[in-house]
Amino acid sequence: MTKIDRHDLTFDDWDEVNFPRPAEQDFDRVVERAISRRGFLGGVLAFGSGAAVMGTAALKGTTAMAQQATRFAFDQLPAQTDGTVHVPAGYTWDTLVRWGDPLFSDAPAWDAATGVPTEGSDRVFGENTDGMELFGKGGVELLVVNSEYANRRVNLPAAQDGVPASAGDVLRLQNFQGVSVLQVAESPDGWSVVVDSPYNRRIHHNTPMVIDGPAAGHDLLKTAADPTGTQSLGTLNNCGSGRTPWGTYLTCEENFNGYFGSTAGSHDALPEVNQAGFKRYGVGIDGWGYDYHKWDARFDVSKNPNEPHRAGYIVEIDPWNPDAAPIKHTALGRFKHENAACTLTPEGQVVVYMGDDERGEYMYKWVSRDIYVPGGDTSTLLSEGQLFVAKFNDDQTGTWVALTPEDTGMTTAEIAIFTRVAATEVSATTMDRPEWIAVNPTAVEAYCCLTNNSRRGALNDDGTVRTNAAGEPMVPNAPNPREINRYGQIVRWRPHNDDHGAATFDWDLYVMVGNPTVHTEGPYAGSANMNEGNLFNSPDGMQIDSAGLIWIQTDGDDDNEGDFAGMGNNQMLAGDPVTGEIRRFLTGPNGCEVTGLTWSADRRTMFVGIQHPGTPFPDGEGSLPRSAIVTVKRDDNALIG
């Protein structure tokens, strides 16, 4: 058997090798039943003489594929396969900031061949940009950006093949990740970083943080370095983001499990609760390849078995106060947080929608106990309230199930630490990797990108079909031919009574992604709003602008072959929630993920993230590839979002 090098695996593949999940997901069965019962009568999906046709009759005020003039202020951009960014005619893009660019004048200089040295690596813009938000006050604009992970082979000497060989190597990787806060300003020459701004700040894997909520002080969060269980160091694998109504930034810890390992070679000597939790959350022996545990005892679970319990949360950062410690909010649950989409109930309670980005995991909602009052006390709004998990029914309705001690058999603190276990206890609907969630500011509805699930219908080593959680073989059938979902879909829901705090909702699918040029018939062709001009796969990032247009960013297969022919590089598209139309707006360099989107205060500039480009972008030949934030503007300087 060929040995798999963990340094070559993606986060998802590493989890699949070490902690394989069931191939079939409950959400698939929900869609199957809806198709089977409603057929051609306008149900969730109706597979007729070709592509899937989307029905949205259940959602009041929404008319799918309505015949009306387009709201897009651009012509569709063709698919691209080269090493740079493209935008439509009438728009211009520019580079704002790249990995390694200085935030302070004493930062080390960038070296095109070796990057940034360890000393001063916490004084530069971080690597592999992801979620971001812009905050404006008194004419000052602050961009807050996640740096999800570090490219080990790029950052470490070539002879080491991406494997840390010292504590210094580990420190360099730790410093490049986390969050960057940077002041930005626009001049006649374009946007730039205000170097040495008093607001500029790097938050990384060793930054002191406060733990609050029901798990704070619990025995499972206590360590030798923090016997109180209320103080933590660092925020890990910061994926998507969010912003609170009171102007703070929410960064989301996603694939935190891969940072931990064990020098003991097994978990056998650990308490049973730790072993069970590690299995549910995918904490292995070797980690994903960072090898932190060999050089930093904090990440060695044989020495600090509770340290993984202190990661996997949503972290709140005040961008305007560089001295304020970030806060880890355990009340919002512990899982692989993708992003945090905030809104308010009609009464003013805070609602936060969240997805757990792993095959077979769940969607969550937080509703605060107290109401948000502008200028008032906000200290309880992300710590006192109720966490819910979603159940999708086959009649296009759904329920948010409260995760309570009575229903789960767990204490409130245990629910916060082992949220996945609590959700399983109440039979929540498992999903196909729920990624970014976005709330429509112009209608009471929300959307979630279900990026893909390529394991469905896969075979075990013995040739048998992989089973679902109940042990039933997952085989293709007439109403559900998408045996292996490589394309993904976007689910939409409208809460009852126009209240995001409501316990029930209606749902449908805004798009079932597919390729009608390769699959001229059947479900792989996708829904009716997929066509030859707008092909894409694996919807991931998502934001909805002030006009209600949905901006969809992709992180999928860009080989442009086979099932993915004609799709080109990863991209950003705009979708109209009323007509269902989807149109390509931007393409990134080959090998990249397009992720992270926000707007300037005047809505005339769009900031877009380009993560892990596969070519020497944006500097060109002779330089290392550099993740970057680019700006996009209309040539006439009109509003862009």
# chains A, B, ... in the order shown; residues from 1 in each chain; ligands from 1
$ select_by_dssp --residues "stretch 199-429 of chain A" --states "helix (DSSP H, G or I)" --output "PyMOL selection string"
chain A and resi 219-221+256-259+272-281+292-295+297-299+307-310+330-332+405-408+412-417+419-425
$ residues_around --residues "A:Pro305" --least-positions-apart "3" --cutoff "9 Å" --atoms "only C-alpha atoms" --output "CSV table (one decimal) with N, CA and C atoms, in the first residue's frame"
chain,number,residue,atom,x,y,z
A,220,LEU,N,-12.3,20.6,32.0
A,220,LEU,CA,-11.8,20.1,30.8
A,220,LEU,C,-11.0,21.2,30.0
A,223,THR,N,-5.4,23.8,32.3
A,223,THR,CA,-4.1,23.2,32.0
A,223,THR,C,-3.1,23.7,33.0
A,270,LEU,N,-4.6,8.5,28.1
A,270,LEU,CA,-5.4,9.7,28.4
A,270,LEU,C,-6.8,9.3,29.0
A,271,PRO,N,-7.4,10.2,29.8
A,271,PRO,CA,-8.8,10.0,30.3
A,271,PRO,C,-9.7,9.6,29.2
A,274,ASN,N,-11.3,12.4,27.1
A,274,ASN,CA,-10.4,13.1,26.1
A,274,ASN,C,-10.3,12.2,24.9
A,299,PHE,N,1.0,21.9,22.4
A,299,PHE,CA,0.2,21.2,21.4
A,299,PHE,C,0.5,19.7,21.5
A,300,ASP,N,1.2,19.2,22.5
A,300,ASP,CA,1.4,17.8,22.8
A,300,ASP,C,0.3,17.3,23.7
A,301,VAL,N,-0.7,16.5,23.2
A,301,VAL,CA,-1.8,16.1,24.0
A,301,VAL,C,-1.4,15.1,25.1
A,302,SER,N,-0.2,14.4,24.9
A,302,SER,CA,0.2,13.5,26.0
A,302,SER,C,0.6,14.3,27.2
A,308,PRO,N,-6.6,20.9,23.3
A,308,PRO,CA,-7.6,20.9,22.2
A,308,PRO,C,-9.0,21.4,22.5
A,309,HIS,N,-9.4,21.2,23.8
A,309,HIS,CA,-10.7,21.7,24.2
A,309,HIS,C,-10.8,23.2,24.2
$ atom_distance --atom1 "atom CA of A:Thr92" --atom2 "atom CA of A:Asp111"
27.9 Å
$ residues_around --residues "stretch 534-540 of chain A" --least-positions-apart "3" --cutoff "6 Å" --atoms "only C-alpha atoms" --output "list of chain:residue names"
A:Glu435, A:Cys449, A:Thr451, A:Asn452, A:Tyr487, A:Gly488, A:Asn531, A:Gln553, A:Thr554, A:Asp555, A:Gly556, A:Met567, A:Arg583, A:Arg584
$ write_last_selection --atoms "N, CA and C atoms" --output "mmCIF file, in the first residue's frame"
data_model
loop_
_atom_site.group_PDB
_atom_site.id
_atom_site.type_symbol
_atom_site.label_atom_id
_atom_site.label_comp_id
_atom_site.auth_asym_id
_atom_site.auth_seq_id
_atom_site.Cartn_x
_atom_site.Cartn_y
_atom_site.Cartn_z
ATOM 1 N N GLU A 435 -20.540 25.481 4.685
ATOM 2 C CA GLU A 435 -19.500 26.506 4.737
ATOM 3 C C GLU A 435 -20.140 27.861 5.058
ATOM 4 N N CYS A 449 -23.683 27.760 1.854
ATOM 5 C CA CYS A 449 -22.982 26.991 0.832
ATOM 6 C C CYS A 449 -22.691 25.588 1.363
ATOM 7 N N THR A 451 -20.636 22.826 0.168
ATOM 8 C CA THR A 451 -19.624 22.910 -0.877
ATOM 9 C C THR A 451 -19.481 21.651 -1.720
ATOM 10 N N ASN A 452 -19.519 20.473 -1.124
ATOM 11 C CA ASN A 452 -19.449 19.210 -1.867
ATOM 12 C C ASN A 452 -19.441 18.055 -0.880
ATOM 13 N N TYR A 487 -19.943 18.738 -6.941
ATOM 14 C CA TYR A 487 -20.278 20.099 -7.362
ATOM 15 C C TYR A 487 -20.773 20.998 -6.228
ATOM 16 N N GLY A 488 -21.620 20.473 -5.334
ATOM 17 C CA GLY A 488 -22.158 21.265 -4.240
ATOM 18 C C GLY A 488 -23.473 21.939 -4.584
ATOM 19 N N ASN A 531 -25.615 27.167 -16.458
ATOM 20 C CA ASN A 531 -25.559 27.160 -17.916
ATOM 21 C C ASN A 531 -24.101 27.189 -18.365
ATOM 22 N N GLN A 553 -18.210 32.724 -3.781
ATOM 23 C CA GLN A 553 -16.797 32.457 -4.046
ATOM 24 C C GLN A 553 -16.543 30.954 -3.998
ATOM 25 N N THR A 554 -15.625 30.471 -4.826
ATOM 26 C CA THR A 554 -15.462 29.032 -4.968
ATOM 27 C C THR A 554 -14.079 28.558 -4.523
ATOM 28 N N ASP A 555 -14.066 27.304 -4.068
ATOM 29 C CA ASP A 555 -12.838 26.616 -3.680
ATOM 30 C C ASP A 555 -12.955 25.177 -4.153
ATOM 31 N N GLY A 556 -12.849 24.992 -5.457
ATOM 32 C CA GLY A 556 -13.099 23.677 -6.022
ATOM 33 C C GLY A 556 -12.022 23.210 -6.970
ATOM 34 N N MET A 567 -15.037 25.089 -16.568
ATOM 35 C CA MET A 567 -15.213 25.882 -15.349
ATOM 36 C C MET A 567 -14.047 26.825 -15.090
ATOM 37 N N ARG A 583 -24.119 34.946 -12.419
ATOM 38 C CA ARG A 583 -23.241 35.453 -13.462
ATOM 39 C C ARG A 583 -21.816 35.583 -12.905
ATOM 40 N N ARG A 584 -20.823 35.109 -13.663
ATOM 41 C CA ARG A 584 -19.425 35.177 -13.225
ATOM 42 C C ARG A 584 -18.912 36.615 -13.283
#
$ atom_distance --atom1 "atom CA of A:Gly566" --atom2 "atom CA of A:Val594"
17.6 Å
$ closest_atom_pairs --of "stretch 490-602 of chain A" --to "stretch 242-245 of chain A" --cutoff "12 Å" --atoms "only C-alpha atoms" --output "CSV"
residue,atom,partner,partner_atom,distance
A:Gly541,CA,A:Gly242,CA,11.9
A:Met542,CA,A:Gly242,CA,11.4
A:Gln543,CA,A:Gly242,CA,10.3
A:Gly596,CA,A:Gly242,CA,10.6
A:Leu597,CA,A:Gly242,CA,10.9
A:Thr598,CA,A:Gly242,CA,10.5
$ write_last_selection --atoms "C-alpha atoms" --output "mmCIF file, in the first residue's frame"
data_model
loop_
_atom_site.group_PDB
_atom_site.id
_atom_site.type_symbol
_atom_site.label_atom_id
_atom_site.label_comp_id
_atom_site.auth_asym_id
_atom_site.auth_seq_id
_atom_site.Cartn_x
_atom_site.Cartn_y
_atom_site.Cartn_z
ATOM 1 C CA GLY A 541 -17.443 31.884 0.561
ATOM 2 C CA MET A 542 -20.563 34.024 0.352
ATOM 3 C CA GLN A 543 -21.688 37.574 1.120
ATOM 4 C CA GLY A 596 -13.109 36.691 1.731
ATOM 5 C CA LEU A 597 -15.132 39.700 0.582
ATOM 6 C CA THR A 598 -15.980 43.077 2.026
#
$ atom_distance --atom1 "atom CA of A:Ile610" --atom2 "atom CA of A:Val170"
24.4 Å
$ residues_around --residues "stretch 373-379 of chain A" --least-positions-apart "2" --cutoff "7 Å" --atoms "only C-alpha atoms" --output "number ranges by chain"
A: 246, 371, 381
$ write_last_selection --atoms "C-alpha atoms" --output "CSV table (one decimal), in the first residue's frame"
chain,number,residue,atom,x,y,z
A,246,TRP,CA,-21.7,46.8,17.8
A,371,ILE,CA,-31.4,42.6,23.2
A,381,LEU,CA,-24.9,39.0,23.9
$ select_by_dssp --residues "stretch 370-595 of chain A" --states "strand (DSSP E or B)" --output "ChimeraX atom specification"
/A:370-371,385-392,397-402,431-432,434-439,446-450,453,459,465,467,473,477,480,485,489-495,504-512,527,539-544,550-554,571-575,582-587,593-595
$ write_last_selection --atoms "C-alpha atoms" --output "PDB file, in the first residue's frame"
ATOM      1  CA  ASP A 370     -30.697  40.022  25.927  1.00  0.00           C
ATOM      2  CA  ILE A 371     -31.444  42.570  23.237  1.00  0.00           C
ATOM      3  CA  GLY A 385     -28.628  32.833  25.324  1.00  0.00           C
ATOM      4  CA  GLN A 386     -29.482  29.598  23.546  1.00  0.00           C
ATOM      5  CA  LEU A 387     -27.633  27.518  20.965  1.00  0.00           C
ATOM      6  CA  PHE A 388     -29.743  25.604  18.409  1.00  0.00           C
ATOM      7  CA  VAL A 389     -29.029  23.026  15.698  1.00  0.00           C
ATOM      8  CA  ALA A 390     -30.971  22.601  12.448  1.00  0.00           C
ATOM      9  CA  LYS A 391     -33.331  19.828  11.391  1.00  0.00           C
ATOM     10  CA  PHE A 392     -34.479  19.866   7.744  1.00  0.00           C
ATOM     11  CA  THR A 397     -39.878  22.956   6.469  1.00  0.00           C
ATOM     12  CA  GLY A 398     -37.337  22.840   9.237  1.00  0.00           C
ATOM     13  CA  THR A 399     -36.851  23.281  12.958  1.00  0.00           C
ATOM     14  CA  TRP A 400     -34.130  24.761  15.124  1.00  0.00           C
ATOM     15  CA  VAL A 401     -33.697  22.346  18.029  1.00  0.00           C
ATOM     16  CA  ALA A 402     -32.416  23.817  21.285  1.00  0.00           C
ATOM     17  CA  MET A 431     -25.038  18.191   6.028  1.00  0.00           C
ATOM     18  CA  ASP A 432     -22.654  18.198   3.061  1.00  0.00           C
ATOM     19  CA  PRO A 434     -21.815  23.597   5.497  1.00  0.00           C
ATOM     20  CA  GLU A 435     -19.500  26.506   4.737  1.00  0.00           C
ATOM     21  CA  TRP A 436     -20.290  30.235   4.642  1.00  0.00           C
ATOM     22  CA  ILE A 437     -23.745  31.409   5.696  1.00  0.00           C
ATOM     23  CA  ALA A 438     -25.057  34.795   4.563  1.00  0.00           C
ATOM     24  CA  VAL A 439     -28.122  36.750   5.694  1.00  0.00           C
ATOM     25  CA  ALA A 446     -30.443  33.234   4.757  1.00  0.00           C
ATOM     26  CA  TYR A 447     -28.245  30.993   2.604  1.00  0.00           C
ATOM     27  CA  CYS A 448     -25.576  28.361   3.254  1.00  0.00           C
ATOM     28  CA  CYS A 449     -22.982  26.991   0.832  1.00  0.00           C
ATOM     29  CA  LEU A 450     -22.885  23.179   0.972  1.00  0.00           C
ATOM     30  CA  ASN A 453     -19.390  15.626  -0.594  1.00  0.00           C
ATOM     31  CA  LEU A 459     -16.530   2.026  -1.949  1.00  0.00           C
ATOM     32  CA  VAL A 465     -20.616   0.430  -0.810  1.00  0.00           C
ATOM     33  CA  THR A 467     -22.765   3.127   4.438  1.00  0.00           C
ATOM     34  CA  PRO A 473     -25.609   0.964   1.856  1.00  0.00           C
ATOM     35  CA  ASN A 477     -31.411   5.622  -7.265  1.00  0.00           C
ATOM     36  CA  ASN A 480     -31.109  10.929  -6.490  1.00  0.00           C
ATOM     37  CA  ASN A 485     -21.461  15.146  -5.110  1.00  0.00           C
ATOM     38  CA  GLN A 489     -25.321  23.324  -3.744  1.00  0.00           C
ATOM     39  CA  ILE A 490     -26.647  26.333  -1.832  1.00  0.00           C
ATOM     40  CA  VAL A 491     -29.537  25.896   0.589  1.00  0.00           C
ATOM     41  CA  ARG A 492     -31.838  28.810   1.437  1.00  0.00           C
ATOM     42  CA  TRP A 493     -34.293  29.226   4.286  1.00  0.00           C
ATOM     43  CA  ARG A 494     -36.872  31.771   5.351  1.00  0.00           C
ATOM     44  CA  PRO A 495     -37.716  31.879   9.076  1.00  0.00           C
ATOM     45  CA  THR A 504     -39.221  26.969  12.443  1.00  0.00           C
ATOM     46  CA  PHE A 505     -38.502  27.840   8.822  1.00  0.00           C
ATOM     47  CA  ASP A 506     -39.184  26.970   5.170  1.00  0.00           C
ATOM     48  CA  TRP A 507     -36.312  25.965   2.909  1.00  0.00           C
ATOM     49  CA  ASP A 508     -35.360  25.225  -0.689  1.00  0.00           C
ATOM     50  CA  LEU A 509     -32.223  25.068  -2.818  1.00  0.00           C
ATOM     51  CA  TYR A 510     -31.135  28.281  -4.529  1.00  0.00           C
ATOM     52  CA  VAL A 511     -28.818  26.377  -6.851  1.00  0.00           C
ATOM     53  CA  MET A 512     -27.773  22.782  -7.410  1.00  0.00           C
ATOM     54  CA  SER A 527     -30.390  23.261 -11.674  1.00  0.00           C
ATOM     55  CA  PRO A 539     -19.401  27.159  -3.561  1.00  0.00           C
ATOM     56  CA  ASP A 540     -17.592  28.192  -0.388  1.00  0.00           C
ATOM     57  CA  GLY A 541     -17.443  31.884   0.561  1.00  0.00           C
ATOM     58  CA  MET A 542     -20.563  34.024   0.352  1.00  0.00           C
ATOM     59  CA  GLN A 543     -21.688  37.574   1.120  1.00  0.00           C
ATOM     60  CA  ILE A 544     -24.867  39.472   0.246  1.00  0.00           C
ATOM     61  CA  ILE A 550     -25.413  37.169  -3.510  1.00  0.00           C
ATOM     62  CA  TRP A 551     -21.654  37.040  -4.088  1.00  0.00           C
ATOM     63  CA  ILE A 552     -20.480  33.422  -4.303  1.00  0.00           C
ATOM     64  CA  GLN A 553     -16.797  32.457  -4.046  1.00  0.00           C
ATOM     65  CA  THR A 554     -15.462  29.032  -4.968  1.00  0.00           C
ATOM     66  CA  GLN A 571     -13.919  32.481  -9.158  1.00  0.00           C
ATOM     67  CA  MET A 572     -16.503  34.846  -7.709  1.00  0.00           C
ATOM     68  CA  LEU A 573     -20.012  35.037  -9.121  1.00  0.00           C
ATOM     69  CA  ALA A 574     -23.034  37.216  -8.420  1.00  0.00           C
ATOM     70  CA  GLY A 575     -26.478  35.732  -7.923  1.00  0.00           C
ATOM     71  CA  ILE A 582     -25.990  33.630 -11.564  1.00  0.00           C
ATOM     72  CA  ARG A 583     -23.241  35.453 -13.462  1.00  0.00           C
ATOM     73  CA  ARG A 584     -19.425  35.177 -13.225  1.00  0.00           C
ATOM     74  CA  PHE A 585     -17.731  38.420 -12.086  1.00  0.00           C
ATOM     75  CA  LEU A 586     -14.110  37.605 -11.177  1.00  0.00           C
ATOM     76  CA  THR A 587     -11.612  34.815 -11.731  1.00  0.00           C
ATOM     77  CA  GLU A 593      -9.151  29.784  -3.758  1.00  0.00           C
ATOM     78  CA  VAL A 594     -11.169  32.997  -3.982  1.00  0.00           C
ATOM     79  CA  THR A 595     -12.209  33.713  -0.415  1.00  0.00           C
TER      80      THR A 595
END
$ residues_around --residues "A:Tyr281" --least-positions-apart "5" --cutoff "12 Å" --atoms "only C-alpha atoms" --output "VMD selection string"
chain A and resid 15 to 16 18 to 21 254 to 258 260 274 to 276 308 to 309 311 to 312 334 to 336 356 to 358 361 417 to 421
$ write_last_selection --atoms "C-alpha atoms" --output "PDB file, in the first residue's frame"
ATOM      1  CA  ASP A  15      -9.571  13.921   8.347  1.00  0.00           C
ATOM      2  CA  GLU A  16     -10.922  11.298   5.946  1.00  0.00           C
ATOM      3  CA  ASN A  18      -7.587   9.327  10.006  1.00  0.00           C
ATOM      4  CA  PHE A  19     -11.246   9.657  10.973  1.00  0.00           C
ATOM      5  CA  PRO A  20     -13.436   8.417   8.089  1.00  0.00           C
ATOM      6  CA  ARG A  21     -17.024   9.687   8.187  1.00  0.00           C
ATOM      7  CA  GLU A 254     -12.040  25.799  11.760  1.00  0.00           C
ATOM      8  CA  ASN A 255      -9.566  22.898  11.292  1.00  0.00           C
ATOM      9  CA  PHE A 256      -7.957  23.314  14.715  1.00  0.00           C
ATOM     10  CA  ASN A 257      -7.609  19.553  15.230  1.00  0.00           C
ATOM     11  CA  GLY A 258      -4.665  19.236  12.840  1.00  0.00           C
ATOM     12  CA  PHE A 260      -2.221  18.818  17.836  1.00  0.00           C
ATOM     13  CA  ASN A 274     -10.425  13.053  26.149  1.00  0.00           C
ATOM     14  CA  GLN A 275     -10.086   9.990  23.940  1.00  0.00           C
ATOM     15  CA  ALA A 276     -13.767  10.088  22.983  1.00  0.00           C
ATOM     16  CA  PRO A 308      -7.566  20.931  22.167  1.00  0.00           C
ATOM     17  CA  HIS A 309     -10.700  21.710  24.219  1.00  0.00           C
ATOM     18  CA  ALA A 311      -9.760  25.628  20.405  1.00  0.00           C
ATOM     19  CA  GLY A 312     -12.640  25.438  17.936  1.00  0.00           C
ATOM     20  CA  ARG A 334     -17.065  24.182  19.650  1.00  0.00           C
ATOM     21  CA  PHE A 335     -16.740  22.752  16.159  1.00  0.00           C
ATOM     22  CA  LYS A 336     -15.076  23.574  12.852  1.00  0.00           C
ATOM     23  CA  ASP A 356     -19.536  23.130  10.901  1.00  0.00           C
ATOM     24  CA  ASP A 357     -17.382  22.510   7.826  1.00  0.00           C
ATOM     25  CA  GLU A 358     -16.959  18.764   7.720  1.00  0.00           C
ATOM     26  CA  GLU A 361     -21.799  17.789  10.448  1.00  0.00           C
ATOM     27  CA  ILE A 417     -17.177  21.820  24.650  1.00  0.00           C
ATOM     28  CA  PHE A 418     -18.633  18.813  22.787  1.00  0.00           C
ATOM     29  CA  THR A 419     -21.247  20.567  20.663  1.00  0.00           C
ATOM     30  CA  ARG A 420     -21.111  17.920  17.927  1.00  0.00           C
ATOM     31  CA  VAL A 421     -22.063  15.233  20.454  1.00  0.00           C
TER      32      VAL A 421
END
$ closest_residue --among "A:Phe176, A:Arg153, A:Val315, A:Val193" --to "A:Ser232" --atoms "only C-alpha atoms"
A:Val315
$ residues_around --residues "A:Asp499" --least-positions-apart "2" --cutoff "10 Å" --atoms "only C-alpha atoms" --output "ChimeraX atom specification"
/A:344-347,444-445,494-497,501-505
$ residues_around --residues "A:Thr248" --least-positions-apart "4" --cutoff "12 Å" --atoms "only C-alpha atoms" --output "list in words"
Met132, Glu133, Leu134, Phe135, Gly136, Leu142, Leu143, Val144, Val181, Ser241, Gly242, Arg243, Thr244, Val315, Glu316, Ile317, Asp318, Pro319, Trp320, Asn321, Ala324, Pro326, Ile327, Cys342, Thr378, Ser379 and Leu382 of chain A
$ write_last_selection --atoms "C-alpha atoms" --output "PDB file, in the first residue's frame"
ATOM      1  CA  MET A 132     -12.387  39.692   6.291  1.00  0.00           C
ATOM      2  CA  GLU A 133     -14.469  42.708   7.284  1.00  0.00           C
ATOM      3  CA  LEU A 134     -13.953  46.466   6.986  1.00  0.00           C
ATOM      4  CA  PHE A 135     -14.790  48.839   9.845  1.00  0.00           C
ATOM      5  CA  GLY A 136     -15.097  52.611   9.465  1.00  0.00           C
ATOM      6  CA  LEU A 142      -9.710  49.290   9.303  1.00  0.00           C
ATOM      7  CA  LEU A 143      -9.502  46.046   7.362  1.00  0.00           C
ATOM      8  CA  VAL A 144      -9.458  42.920   9.534  1.00  0.00           C
ATOM      9  CA  VAL A 181      -5.740  44.326  11.647  1.00  0.00           C
ATOM     10  CA  SER A 241     -15.517  35.799   9.634  1.00  0.00           C
ATOM     11  CA  GLY A 242     -18.410  37.892  10.831  1.00  0.00           C
ATOM     12  CA  ARG A 243     -19.179  41.292  12.286  1.00  0.00           C
ATOM     13  CA  THR A 244     -21.348  42.180  15.241  1.00  0.00           C
ATOM     14  CA  VAL A 315     -13.291  34.667  18.789  1.00  0.00           C
ATOM     15  CA  GLU A 316     -14.367  38.298  19.145  1.00  0.00           C
ATOM     16  CA  ILE A 317     -11.823  41.054  18.406  1.00  0.00           C
ATOM     17  CA  ASP A 318     -12.265  44.792  18.962  1.00  0.00           C
ATOM     18  CA  PRO A 319     -10.444  46.310  15.964  1.00  0.00           C
ATOM     19  CA  TRP A 320     -10.439  49.776  17.512  1.00  0.00           C
ATOM     20  CA  ASN A 321      -8.681  48.772  20.745  1.00  0.00           C
ATOM     21  CA  ALA A 324      -8.142  44.568  24.252  1.00  0.00           C
ATOM     22  CA  PRO A 326      -9.668  38.738  22.075  1.00  0.00           C
ATOM     23  CA  ILE A 327     -12.532  36.753  23.624  1.00  0.00           C
ATOM     24  CA  CYS A 342     -25.034  37.973  12.459  1.00  0.00           C
ATOM     25  CA  THR A 378     -22.958  44.104  24.842  1.00  0.00           C
ATOM     26  CA  SER A 379     -21.041  41.859  27.254  1.00  0.00           C
ATOM     27  CA  LEU A 382     -22.531  36.241  22.878  1.00  0.00           C
TER      28      LEU A 382
END
$ closest_residue --among "A:Ala331, A:Met354, A:Val632, A:Val283" --to "A:Trp14" --atoms "only C-alpha atoms"
A:Val283
$ closest_residue --among "A:Asp296, A:Glu141, A:Glu521, A:Glu272" --to "A:Gly168" --atoms "only C-alpha atoms"
A:Asp296
